[in-house]
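Read the structure below first, then the notes.
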Amino acid sequence: MHTLGTPSVSPEGTQAVVAVTRPDLDADEYRGELWLVPTDGSGEPRQLTGGRRDAEPAYSPDGRWLAFTRAENGGKPQLHVMPTAGGEPWRVTDQHLGAGKPTWSPDSRQLAFVARVPEEGRYGDTKPEKERPRRITGLKYRLDNLGFYTDRRSHVFVVDPFASRTSPSPAVQ
């Protein structure tokens, strides 16, 4: 079964990009690609990306760029950007626990996203057996596909996708 994500419509409204997730039975995993679809039905959809887990497309307000998340080789999703006129995407973030859906600034120069930030000394900073114990005080402390969330607070980050530096700085904590 193919599952469609939320489409991102181009600023001029002539096309949309949608994430399509499908099972790959041979690899025993899910695959996700981005597809370009004309909004007037004048043509067939065509595959735009070929990553393993591409999702969450977002057109820039000027229509020149497409941002999306890509999880490579079982890693956490990171932001990637590509020109809408064609070309290869490049990686913009390197978030330890992955990056969330991108949102463009009105001038198409920056991207904002939400990412979870672990407490110091957790999730790869030290060996798991060296982590201090967690104090659980409520019934809701874990989520499927996330695990413990009280020690992974969400932060908003802003990054310049065109700068050579790839480490974003927190905008709001």
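Here's how to read the names in the structure tokens: chain A, B, ... by the order shown, residue numbers from 1 in each chain, ligand numbers from 1 in the order shown.
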Review point. Can you tell me, as a PyMOL selection string, what residues are no more than 6 Å from Val20 in chain A when counting only C-alpha atoms, ignoring any on the same chain fewer than 4 positions away?
Key: chain A and resi 3-4+32-33
Enumerate, as JSON, numbers by chain, the complete set of residues in chain A that a backbone-based DSSP assignment places in strand (DSSP E or B).
{"A": [3, 4, 8, 9, 15, 16, 17, 18, 19, 20, 21, 22, 23, 24, 29, 30, 31, 32, 33, 34, 35, 36, 37, 38, 46, 47, 53, 54, 55, 56, 57, 58, 59, 65, 66, 67, 68, 69, 70, 71, 78, 79, 80, 81, 82, 83, 90, 91, 99, 103, 104, 111, 112, 113, 114, 115, 116, 117, 118, 142, 143, 147, 148, 152, 153, 154, 155, 156, 157, 158, 159, 169, 170, 171, 172]}
Among A:Thr137, A:Gln15, A:Ser8, A:Ser42, Phe68 in chain A is approached most closely, using only C-alpha atoms, by A:Ser8
Margin query: So, with only C-alpha atoms as the atoms that count, which of A:Gly51, A:Pro83, A:Pro11, A:Pro57 lies closest to Tyr30 in chain A?
Written below: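 When distances to Tyr30 in chain A are compared using only C-alpha atoms, the smallest one comes from A:Gly51.
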Atom pair CA of Pro61 in chain A + CA of Leu111 in chain A, distance 11.3 Å
* range 86-93 of chain A environment, 9 Å, only C-alpha atoms, sequence neighbours closer than 2 positions dropped, as an NGL selection string -> :A and (48-49 or 66-67 or 70 or 78-84 or 95 or 98-99 or 159-168)
For Arg31 in chain A, which residue among A:Gly50, A:Pro118, A:Gly63, A:Pro77 is the nearest when counting only C-alpha atoms?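 Of all the options, A:Gly50 lies closest to Arg31 in chain A.
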Using only C-alpha atoms, the best pick from A:Leu36, A:Ala71, A:Val117, A:Ala16 as closest to His96 in chain A would be A:Val117
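CA of Trp35 in chain A to CA of Glu56 in chain A spans 11.6 Å [interatomic distance, one decimal].
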As a check of understanding: the span from CA of Val114 in chain A to CA of Val158 in chain A is 8.9 Å
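Each of A:Arg153, A:Val17, A:Glu12, A:His2 was compared to Gln47 in chain A using only C-alpha atoms, and A:Val17 turns out to be the nearest.
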